[in-house]
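Peer 1: There's a structure below that I have some questions on.
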Amino acid sequence: MGLRFGLLGTGYWAAETQAAGLASHPDADLVAVWGRDPAKAETLAKRYGITPYDDVDALLADVDAVAVAVPPDVQAGLALRAAEAGRHLLLDKPVALDTAMADQIVTAVDERGLSSVVFFTNRFYGSIADFLTATAATGDWHGARMTQFASIFQPGNPYGLSPWRRERGGLWDIGPHALSVLWPVLGPVAEVTCVDAPRSTVHLTLRHTGGTVSTVSLTLDAPPQAGIRDCVFYGENGLATLPGADGTAVDAFTKAVGELVRDVAAGATRHPCDVRFGRDVVAVLEAAETARREDRTVSVAA
């Protein structure tokens, strides 16, 4: 029997990516699901042949680990409950909407010696992971520029009905993805500025601890004809352009499942995309919100 997982969440991402990835991994055993809508939990349970729960604590008592696919403010509380119950964590990004709550999750994981992985999608594509390793090894980078313009509020987009994405925008939804690929090459972020632009666009300037500077432009509400995703590092060796994904989101999630299973089996409590990294990303986003609101450069909380 593989590592027993409970899935917390019943939305599109939970059903089509997380449940699919868990169900397909040979060393994971998806056994349970909980959702805020019991009818959706019943439907998802029937689809995957698992047990629906209407009580989170009852589910936690019957599993080894949880995968969480709910809005970040809901995820944070559930992740803390799961960690306090001694369950390993496979979380979505961002892990929380404030650093204080993210710190509580980290503390609970550390105190119990748990394994954790946060699903920063790009970090689990082989093409992108290999690129980041090679680019970081090359060194002598001065910075990077990234533009991520999505258009999720068009008819038929499954993410366009998400209240938290509409409220928090590209900074909190796409921002974690941006940071997850800039960080391995340029290092942690020390300070940030953030300004607004039309169509809920934000423009970030990030000063990394080594002195490099990256610029990031983000929106979820770009005109459909203006959609773009690109990232270019520049420095003494010229330019290095982030490649595209070499698989699907389900492929990437399945890889994340495998890495958590591996870490649990080995008793490993550190992963490049664990809750500590997830917490550090939240700290940058929180600093960016302050910079945006107060129109100043803000240091990132250590």
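Following the order of the structure tokens, chains are lettered A, B, ..., residues in each are numbered from 1, and ligands are numbered from 1.
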Go through segment 173-256 of chain A residue by residue and, counting only C-alpha atoms, keep those with an atom at most 8 Å from segment 7-21 of chain A; for each kept residue give the shortest atom pair and its distance in Å to one decimal, ordered by chain and increasing number, as CSV.
Peer 2:
residue,atom,partner,partner_atom,distance
A:Ala249,CA,A:Thr17,CA,6.5
A:Val250,CA,A:Thr17,CA,5.0
A:Asp251,CA,A:Gly21,CA,7.0
A:Phe253,CA,A:Gly21,CA,5.7
A:Thr254,CA,A:Gly21,CA,4.5
Peer 1: Once you have the residues from the selection above, write them out as an mmCIF file, in the first residue's frame, restricted to N, CA and C atoms.
Peer 2:
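Output contents, as saved in again_4.cif:
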data_model
loop_
_atom_site.group_PDB
_atom_site.id
_atom_site.type_symbol
_atom_site.label_atom_id
_atom_site.label_comp_id
_atom_site.auth_asym_id
_atom_site.auth_seq_id
_atom_site.Cartn_x
_atom_site.Cartn_y
_atom_site.Cartn_z
ATOM 1 N N ALA A 249 -0.054 19.850 -16.633
ATOM 2 C CA ALA A 249 -0.104 20.134 -15.197
ATOM 3 C C ALA A 249 -0.262 18.847 -14.398
ATOM 4 N N VAL A 250 -0.995 17.874 -14.938
ATOM 5 C CA VAL A 250 -1.137 16.595 -14.242
ATOM 6 C C VAL A 250 0.213 15.889 -14.149
ATOM 7 N N ASP A 251 0.993 15.933 -15.225
ATOM 8 C CA ASP A 251 2.336 15.348 -15.189
ATOM 9 C C ASP A 251 3.176 15.992 -14.088
ATOM 10 N N PHE A 253 2.126 17.633 -11.419
ATOM 11 C CA PHE A 253 1.624 17.321 -10.086
ATOM 12 C C PHE A 253 1.987 15.901 -9.674
ATOM 13 N N THR A 254 1.930 14.987 -10.628
ATOM 14 C CA THR A 254 2.322 13.606 -10.333
ATOM 15 C C THR A 254 3.777 13.548 -9.877
#
Peer 1: Skipping near chain neighbours, those fewer than 5 positions away, what residues fall within 8 Å of Asn122 of chain A using only C-alpha atoms, listed as a list in words?
Peer 2: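 The residues satisfying every condition are Ile128, Ala129, His177, Ser180, Val181, Ala245 and Ala252 of chain A.
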Peer 1: With only C-alpha atoms counted and 8 Å as the cut-off, give the residues of segment 61-127 of chain A in contact with segment 261-272 of chain A, each with its shortest interatomic distance in Å and the pair that gives it, as a tab-separated table.
Peer 2:
residue	atom	partner	partner_atom	distance
A:His88	CA	A:Val264	CA	7.7
A:Asp110	CA	A:Thr269	CA	7.9
A:Gly113	CA	A:Thr269	CA	6.2
A:Leu114	CA	A:Thr269	CA	5.8
A:Ser115	CA	A:Thr269	CA	4.6
A:Ser116	CA	A:Thr269	CA	7.0
A:Val117	CA	A:His271	CA	6.7
Peer 1: Skip Thr290 of chain A itself and residues of its chain fewer than 6 positions away, then list as a list in words all residues within 9 Å of it, counting only C-alpha atoms.
Peer 2: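 Counting only C-alpha atoms, the residues come to Thr193, Cys194, Arg296, Thr297 and Val298 of chain A.
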Peer 1: Report, in Å with one decimal, the straight-line distance from atom CA of Gly211 of chain A to atom CA of Phe124 of chain A.
Peer 2: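 Pair atom CA of Gly211 of chain A / atom CA of Phe124 of chain A returns 27.3 Å.
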